[in-house]
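Okay, so here's the structure we're looking at.
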Amino acid sequence: MIIDTHAHLNFKAFDDDWKEVIGDCLGEDVWMINVGSKLETSQKAIEIAEQYENGIYAAIGTHPIHAQEVFDEKEYERLAVSKKVVAIGEIGLDKFQNYGEFLEKQEEVLRKQIDLALKLNKPVIIHCRKAHGELLNILKDYPSLRGVIHCFTGNWKLAQEYLEMGYFLGINGIIYKLNLKEVIKKAPLDRLLLETDCPYLGLSEERNDPRFVRHIAKDIARIKEISFDEVVKTTTQNAQKLFGI
């Protein structure tokens, strides 16, 4: 078994064939967590997960680029009743392009979702783009929070800060666009999680899917000079530990 801890089969790119894709994934022993970006996609992630006894899970949350939309904490708390919900996410901060213009609102919504995660005893899946300083300042206020820094893109110094705070680092296809070899080489294997962020971050313009997670595992193994099986075994244990699956 190998676990893609950050997929989006609940997005429009998979509207026509998510059942077939999941069937193919489960046939290859690839499990996944489908991650919400707002209320609608969070609901869809749960609807998908509840159709499967094992292997398919959901995370619910408001992505920072949607922070200006109405955030209904009570509705998210209602959704979290599902046993398939294993995390609050993806949540965080984003200063890419013009998103930084409403950073204060992003911070407000992020704190509300962190409070919800702590109330529900759920880990968080954190998105951060060009706002690591601001994010670290917020996370320092919540020392008991557990979670993963999704699609980690920083350097080793920044990685150390998150690791020292107890966070996992999510590694996905961004490694084919940015040089993260030092981070992967030095980070303890028991603090890494495998992701695809599908339908994004594949090797081509074609739609990515959770089975691509095997490529990520193979490259982590190559960089760390260990076996593929060791990467799969340890990262699977990491996901089970963090998300309770």
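Chain identifiers are assigned as A, B, and so on, following the order in which chains appear in the structure tokens; residues are numbered from 1 within each chain, and ligands are numbered from 1 in order of appearance.
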What are the closest atom pairs, with distances in Å to one decimal, for each residue of region 2-99 of chain A lying within 10 Å of region 222-238 of chain A, using only C-alpha atoms, rows by chain and rising residue number, as a Markdown table?
| residue | atom | partner | partner_atom | distance |
| --- | --- | --- | --- | --- |
| A:Ile2 | CA | A:Val232 | CA | 5.9 |
| A:Ile3 | CA | A:Thr236 | CA | 5.9 |
| A:Asp4 | CA | A:Thr236 | CA | 9.0 |
| A:Thr5 | CA | A:Thr236 | CA | 9.3 |
| A:Trp31 | CA | A:Thr236 | CA | 9.6 |
Can you check which parts of region 185-245 of chain A lie within 8 Å of region 144-152 of chain A? Per residue, the shortest pair of atoms and distance in Å to one decimal, counting only C-alpha atoms, sorted by chain and number, as CSV.
residue,atom,partner,partner_atom,distance
A:Leu193,CA,A:Val148,CA,7.9
A:Glu195,CA,A:Cys151,CA,7.7
A:Asp197,CA,A:Cys151,CA,7.9
A:Leu242,CA,A:Gly147,CA,7.1
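Nearest-residue note for Lys95 (chain A): choosing from A:Pro64, A:Ala131, A:Phe71, A:Asp24, the minimum distance belongs to A:Ala131, counting only C-alpha atoms.
Pairwise distance (CA of Asn121 (chain A), CA of Ala87 (chain A)) equals 9.0 Å.
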Listing only residues of region 111-137 of chain A within 9 Å of region 55-63 of chain A, what is the closest atom pair and its distance in Å (to one decimal) for each, using only C-alpha atoms, sorted by chain and residue number ascending, as JSON lines?
{"residue": "A:Gln113", "atom": "CA", "partner": "A:Gly61", "partner_atom": "CA", "distance": 7.4}
{"residue": "A:Val124", "atom": "CA", "partner": "A:Ala59", "partner_atom": "CA", "distance": 8.7}
{"residue": "A:Ile125", "atom": "CA", "partner": "A:Ala59", "partner_atom": "CA", "distance": 8.1}
{"residue": "A:Ile126", "atom": "CA", "partner": "A:His63", "partner_atom": "CA", "distance": 8.9}
{"residue": "A:His127", "atom": "CA", "partner": "A:His63", "partner_atom": "CA", "distance": 7.5}
Task: 12 Å contact set for Ala13 (chain A), only C-alpha atoms, chain neighbours under 6 positions out, as a ChimeraX atom specification - done: /A:7,21,198-200,206-209
Mind dumping the selected residues with C-alpha atoms as a short mmCIF file (atom, residue, chain, number, x, y, z; two decimals), in the first residue's frame?
data_model
loop_
_atom_site.label_atom_id
_atom_site.label_comp_id
_atom_site.auth_asym_id
_atom_site.auth_seq_id
_atom_site.Cartn_x
_atom_site.Cartn_y
_atom_site.Cartn_z
CA ALA A 7 -5.27 14.51 -4.12
CA VAL A 21 -9.65 6.51 -11.55
CA CYS A 198 -3.47 15.90 -8.74
CA PRO A 199 -4.77 16.97 -11.20
CA TYR A 200 -1.77 19.33 -10.91
CA GLU A 206 -1.73 16.00 -19.01
CA ARG A 207 -3.91 15.43 -15.96
CA ASN A 208 -2.04 13.97 -13.00
CA ASP A 209 -3.60 11.24 -10.82
#
